[in-house]
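> This is target-v7.tsv, which holds TSV, C-alpha atoms:
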```
chain	number	residue	atom	x	y	z
A	1	MET	CA	-25.56	-61.21	174.16
A	2	PRO	CA	-27.41	-63.10	176.92
A	3	ARG	CA	-26.36	-66.67	177.48
A	4	ARG	CA	-28.60	-69.17	175.74
A	5	ALA	CA	-30.80	-71.29	178.00
A	6	THR	CA	-29.75	-74.92	178.33
A	7	LEU	CA	-31.41	-78.21	179.20
A	8	GLU	CA	-29.71	-81.47	180.10
A	9	PHE	CA	-31.38	-84.56	178.68
A	10	TRP	CA	-30.49	-87.60	180.80
A	11	TYR	CA	-31.42	-90.77	178.95
A	12	GLU	CA	-31.01	-94.54	179.16
A	13	PHE	CA	-31.00	-96.66	176.00
A	14	ALA	CA	-33.14	-99.38	177.61
A	15	SER	CA	-35.79	-96.84	178.58
A	16	THR	CA	-38.97	-96.79	176.53
A	17	TYR	CA	-39.89	-93.22	177.36
A	18	SER	CA	-36.33	-92.04	176.73
A	19	TYR	CA	-36.90	-93.31	173.19
A	20	LEU	CA	-39.95	-91.10	172.74
A	21	SER	CA	-38.11	-88.06	174.11
A	22	ALA	CA	-35.04	-88.65	171.95
A	23	MET	CA	-37.17	-88.72	168.83
A	24	ARG	CA	-38.81	-85.35	169.47
A	25	ILE	CA	-36.59	-83.29	171.76
A	26	GLU	CA	-34.46	-81.59	169.09
A	27	ALA	CA	-37.33	-79.90	167.26
A	28	LEU	CA	-38.98	-78.82	170.50
A	29	ALA	CA	-35.73	-77.41	171.89
A	30	GLU	CA	-35.07	-75.48	168.70
A	31	ALA	CA	-38.56	-73.99	168.81
A	32	ALA	CA	-38.01	-72.97	172.44
A	33	ASP	CA	-34.53	-71.59	171.67
A	34	VAL	CA	-33.02	-73.90	174.27
A	35	GLU	CA	-29.62	-75.56	173.87
A	36	LEU	CA	-29.56	-79.29	174.59
A	37	ARG	CA	-26.92	-81.30	176.37
A	38	TRP	CA	-27.39	-85.04	175.81
A	39	ARG	CA	-26.40	-87.02	178.94
A	40	PRO	CA	-26.35	-90.81	178.57
A	41	PHE	CA	-26.21	-92.86	181.77
A	42	LEU	CA	-27.00	-96.26	183.25
A	43	LEU	CA	-30.23	-96.56	185.17
A	44	GLY	CA	-29.55	-100.06	186.56
A	45	PRO	CA	-27.31	-98.95	189.45
A	46	ILE	CA	-29.86	-96.31	190.46
A	47	PHE	CA	-32.64	-98.90	190.44
A	48	ALA	CA	-30.45	-101.25	192.46
A	49	ALA	CA	-29.92	-98.53	195.07
A	50	GLN	CA	-33.72	-98.32	195.35
A	51	GLY	CA	-33.94	-102.07	195.93
A	52	TRP	CA	-35.15	-102.95	192.43
A	53	THR	CA	-33.56	-105.88	190.63
A	54	ASN	CA	-35.48	-105.28	187.41
A	55	SER	CA	-37.44	-102.63	185.57
A	56	PRO	CA	-40.52	-101.52	187.51
A	57	PHE	CA	-42.48	-102.30	184.35
A	58	ASN	CA	-41.52	-105.96	184.87
A	59	LEU	CA	-41.84	-105.93	188.65
A	60	TYR	CA	-45.41	-104.60	188.39
A	61	PRO	CA	-47.12	-106.41	185.46
A	62	ALA	CA	-50.20	-104.18	185.36
A	63	LYS	CA	-47.96	-101.14	185.08
A	64	GLY	CA	-45.96	-102.85	182.34
A	65	ARG	CA	-49.03	-103.73	180.28
A	66	ASN	CA	-50.28	-100.18	180.45
A	67	MET	CA	-46.83	-98.80	179.60
A	68	TRP	CA	-46.63	-100.76	176.35
A	69	ARG	CA	-50.12	-99.67	175.35
A	70	ASP	CA	-49.28	-96.07	176.22
A	71	LEU	CA	-46.09	-96.34	174.18
A	72	ASP	CA	-48.10	-97.55	171.18
A	73	ARG	CA	-50.47	-94.62	171.53
A	74	GLU	CA	-47.69	-92.07	171.87
A	75	ALA	CA	-45.68	-93.47	168.97
A	76	ALA	CA	-48.77	-93.26	166.75
A	77	ARG	CA	-49.51	-89.73	167.93
A	78	LEU	CA	-45.95	-88.63	167.15
A	79	GLY	CA	-45.86	-90.34	163.76
A	80	LEU	CA	-43.19	-92.83	164.82
A	81	PRO	CA	-43.02	-96.44	163.60
A	82	ARG	CA	-44.98	-99.02	165.54
A	83	VAL	CA	-43.04	-99.92	168.67
A	84	THR	CA	-41.28	-103.26	168.87
A	85	ARG	CA	-40.87	-104.88	172.27
A	86	PRO	CA	-37.28	-105.97	172.91
A	87	ASN	CA	-36.89	-109.53	174.09
A	88	PRO	CA	-35.65	-109.57	176.76
A	89	PHE	CA	-36.78	-106.26	178.13
A	90	PRO	CA	-34.96	-104.22	179.22
A	91	GLN	CA	-32.04	-104.76	176.87
A	92	ASN	CA	-28.51	-104.63	178.24
A	93	SER	CA	-27.41	-101.12	177.29
A	94	LEU	CA	-23.88	-101.20	178.69
A	95	SER	CA	-21.99	-101.29	175.39
A	96	ALA	CA	-24.17	-98.59	173.86
A	97	VAL	CA	-23.91	-96.23	176.82
A	98	ARG	CA	-20.15	-96.69	176.97
A	99	VAL	CA	-19.96	-95.61	173.34
A	100	ALA	CA	-22.26	-92.65	173.97
A	101	THR	CA	-20.15	-91.64	176.97
A	102	TYR	CA	-17.03	-91.81	174.84
A	103	GLY	CA	-18.74	-89.70	172.18
A	104	ALA	CA	-20.17	-87.14	174.59
A	105	ASP	CA	-18.27	-84.28	172.95
A	106	GLN	CA	-18.46	-85.62	169.39
A	107	ASP	CA	-20.87	-84.49	166.69
A	108	TRP	CA	-21.98	-88.09	166.19
A	109	LEU	CA	-23.40	-88.51	169.71
A	110	VAL	CA	-26.95	-87.45	168.81
A	111	PRO	CA	-27.29	-89.44	165.55
A	112	PHE	CA	-25.75	-92.46	167.27
A	113	SER	CA	-28.10	-92.18	170.24
A	114	LYS	CA	-31.16	-91.89	168.02
A	115	ALA	CA	-29.98	-94.82	165.90
A	116	VAL	CA	-29.62	-96.99	169.01
A	117	PHE	CA	-33.15	-96.14	170.13
A	118	GLU	CA	-34.53	-96.78	166.65
A	119	THR	CA	-32.74	-100.13	166.42
A	120	SER	CA	-34.23	-101.28	169.71
A	121	PHE	CA	-37.74	-99.82	169.65
A	122	ALA	CA	-38.55	-99.29	165.96
A	123	LYS	CA	-36.66	-102.07	164.17
A	124	GLY	CA	-36.68	-104.87	166.73
A	125	GLY	CA	-32.89	-105.19	166.69
A	126	SER	CA	-30.49	-105.98	169.49
A	127	ILE	CA	-28.33	-103.32	171.13
A	128	ALA	CA	-26.97	-105.64	173.79
A	129	GLU	CA	-23.88	-107.06	172.10
A	130	PRO	CA	-20.82	-104.95	171.26
A	131	ALA	CA	-21.02	-106.27	167.69
A	132	ALA	CA	-24.56	-104.90	167.36
A	133	VAL	CA	-23.43	-101.50	168.62
A	134	GLY	CA	-20.51	-101.66	166.23
A	135	ARG	CA	-22.86	-102.18	163.30
A	136	ILE	CA	-24.82	-99.10	164.31
A	137	LEU	CA	-21.62	-97.08	164.36
A	138	ASP	CA	-20.58	-98.47	160.98
A	139	SER	CA	-23.96	-97.56	159.52
A	140	LEU	CA	-23.24	-93.94	160.45
A	141	GLY	CA	-19.96	-93.99	158.57
A	142	LEU	CA	-17.90	-94.34	161.75
A	143	ASP	CA	-15.18	-96.82	162.68
A	144	GLY	CA	-17.14	-99.16	164.93
A	145	THR	CA	-14.17	-101.34	165.84
A	146	GLN	CA	-12.00	-98.42	166.93
A	147	ILE	CA	-14.76	-96.66	168.84
A	148	LEU	CA	-15.79	-99.82	170.70
A	149	LYS	CA	-12.20	-100.35	171.74
A	150	ALA	CA	-11.88	-96.80	173.01
A	151	ALA	CA	-15.24	-97.00	174.77
A	152	ALA	CA	-14.11	-100.11	176.67
A	153	SER	CA	-11.01	-98.37	178.06
A	154	GLU	CA	-10.66	-97.94	181.81
A	155	ALA	CA	-10.67	-94.16	181.41
A	156	ASN	CA	-14.04	-94.24	179.65
A	157	LYS	CA	-15.48	-96.71	182.14
A	158	SER	CA	-14.52	-94.25	184.85
A	159	ARG	CA	-16.29	-91.43	182.99
A	160	LEU	CA	-19.46	-93.53	182.85
A	161	LYS	CA	-19.22	-94.27	186.57
A	162	VAL	CA	-18.79	-90.57	187.32
A	163	ALA	CA	-21.86	-89.78	185.21
A	164	GLY	CA	-23.90	-92.24	187.24
A	165	GLU	CA	-22.67	-90.73	190.49
A	166	GLU	CA	-23.53	-87.27	189.19
A	167	ALA	CA	-27.03	-88.40	188.27
A	168	ARG	CA	-27.64	-89.74	191.76
A	169	SER	CA	-26.16	-86.65	193.44
A	170	ARG	CA	-28.47	-84.41	191.43
A	171	GLY	CA	-31.57	-86.34	192.40
A	172	ILE	CA	-32.16	-88.32	189.21
A	173	TYR	CA	-34.09	-91.52	189.85
A	174	GLY	CA	-35.47	-92.46	186.41
A	175	ALA	CA	-35.25	-91.82	182.70
A	176	PRO	CA	-35.79	-89.69	180.84
A	177	SER	CA	-34.93	-86.85	183.18
A	178	PHE	CA	-34.38	-83.19	182.35
A	179	LEU	CA	-32.32	-80.71	184.32
A	180	THR	CA	-32.52	-77.00	183.69
A	181	GLY	CA	-29.71	-74.53	184.13
A	182	ASP	CA	-30.96	-73.58	187.61
A	183	GLY	CA	-31.14	-77.22	188.70
A	184	GLU	CA	-34.88	-77.82	188.33
A	185	LEU	CA	-35.54	-81.53	187.75
A	186	PHE	CA	-38.30	-82.86	185.50
A	187	TRP	CA	-38.93	-86.59	185.05
A	188	GLY	CA	-40.69	-88.35	182.22
A	189	ASN	CA	-41.40	-87.83	178.54
A	190	ASP	CA	-44.67	-86.13	179.42
A	191	ARG	CA	-42.75	-83.39	181.25
A	192	LEU	CA	-40.47	-82.51	178.32
A	193	GLU	CA	-42.43	-79.44	177.22
A	194	GLN	CA	-42.60	-78.16	180.80
A	195	ALA	CA	-38.86	-78.65	181.23
A	196	LEU	CA	-38.13	-76.67	178.07
A	197	ALA	CA	-40.46	-73.89	179.13
A	198	TRP	CA	-38.81	-73.67	182.55
A	199	ALA	CA	-35.35	-73.67	180.97
A	200	ALA	CA	-36.45	-70.81	178.72
A	201	GLY	CA	-37.51	-68.76	181.75
A	202	GLU	CA	-41.24	-69.41	181.90
A	203	ARG	CA	-42.72	-69.99	185.34
A	204	PRO	CA	-46.26	-70.90	186.40
A	205	ASP	CA	-48.07	-68.13	188.26
A	206	GLY	CA	-47.14	-68.19	191.93
A	207	LEU	CA	-44.09	-70.41	191.44
A	208	ARG	CA	-40.59	-69.06	191.16
```
As a first step, turn the structure in this file into structure tokens.


Amino acid sequence: MPRRATLEFWYEFASTYSYLSAMRIEALAEAADVELRWRPFLLGPIFAAQGWTNSPFNLYPAKGRNMWRDLDREAARLGLPRVTRPNPFPQNSLSAVRVATYGADQDWLVPFSKAVFETSFAKGGSIAEPAAVGRILDSLGLDGTQILKAAASEANKSRLKVAGEEARSRGIYGAPSFLTGDGELFWGNDRLEQALAWAAGERPDGLR
């Protein structure tokens, strides 16, 4: 049988548009018959390499105001709860992304990732403290204390660092980003459908 098409979903827990993608990507991928690979990473070091000390939505207030309004519109369109604005924004996602990195090959990665996004952007909860991340794990029937300890190990920290280096080497500069099996990069929640179509083998006329 032919190998199933794949799409890598690179996401950052502090990213507003990663939240929107995480809430809808599974159903869209299933409909497109595309296998997903969830790839958590830290966007901060990539921003720092571009000379940004903060989210561009904070550095450019007009852009930030429009982003929050756009997020409200998109959440309503997708039938998601009204978006809450984390304070401060962006939230520190280090503990959460360490856990997601540790769980990269576990069947709880996706429900955990979605629960983190929902806590931050739908419920107004904190994801910044390890204890908050632990409560999310506990709510999924997992051992939050044990997983947090494992996620803070030097070996797992190294895995997270390698993931960040891989993201940079493959041209990723923002989140969410989508990489197809042939290395085509798509950026932004509004490019999700196009990324899935490309992964499934569809190409616009005149472009190969």

> Measuring atom to atom with all atoms listed in the file, identify which of A:Arg37, A:Asp143, A:Val110, A:Pro86 is nearest to A:Ile127.

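Of A:Arg37, A:Asp143, A:Val110, A:Pro86, the one nearest A:Ile127, counting all atoms listed in the file, is A:Pro86.
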
> Give me the residues within 6 Å of stretch 87-102 of chain A as a list in words, counting only C-alpha atoms and dropping any in the same chain fewer than 2 places off.

Phe13, Ala14, Ala104, Ala128, Pro130 and Ala151 of chain A

> Find the spatial neighbours of A:Asn189, counting only C-alpha atoms, within a cut-off of 9 Å - ignore same-chain residues fewer than 2 positions away - and output them as a list in words.

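Contacts, in chain order: Tyr17, Ser18, Tyr19, Leu20, Ser21, Ala175, Pro176, Ser177, Trp187, Arg191, Leu192 and Glu193 of chain A.
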
> Using all atoms listed in the file, which of A:Asn156, A:Asn58, A:Thr6, A:Ser113 sits nearest A:Phe178?

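Among A:Asn156, A:Asn58, A:Thr6, A:Ser113, it is A:Thr6 that comes nearest to A:Phe178.
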
> Contacts of A:Arg69 at 12 Å or less, counting only C-alpha atoms, minus same-chain residues fewer than 6 places along, as a tab-separated table (two decimals) with C-alpha atoms, in the coordinates of the input?


```tsv
chain	number	residue	atom	x	y	z
A	16	THR	CA	-38.97	-96.79	176.53
A	62	ALA	CA	-50.20	-104.18	185.36
A	63	LYS	CA	-47.96	-101.14	185.08
A	75	ALA	CA	-45.68	-93.47	168.97
A	76	ALA	CA	-48.77	-93.26	166.75
A	82	ARG	CA	-44.98	-99.02	165.54
A	83	VAL	CA	-43.04	-99.92	168.67
A	84	THR	CA	-41.28	-103.26	168.87
A	85	ARG	CA	-40.87	-104.88	172.27
```

> Skip A:Gln50 itself and residues of its chain fewer than 6 positions away, then list as a list in words all residues within 12 Å of it, counting only C-alpha atoms.

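The neighbour list is Leu43, Gly44, Pro56, Arg168, Ile172, Tyr173 and Gly174 of chain A.
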
> Out of A:Leu7, A:Leu28, A:Met67, A:Leu42, which residue has the shortest atom-to-atom distance to A:Ala163 when counting all atoms listed in the file?

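With all atoms listed in the file as the atom set, the closest residue is A:Leu42.
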
> Can you tell me how far atom CA of A:Tyr11 sits from atom CA of A:Pro40, in Å to one decimal?

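Taking atom CA of A:Tyr11 and atom CA of A:Pro40, their separation equals 5.1 Å.
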
> By how many Å are atom CA of A:Arg39 and atom CA of A:Arg170 apart?

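Result for atom CA of A:Arg39 versus atom CA of A:Arg170: 12.9 Å, one decimal.
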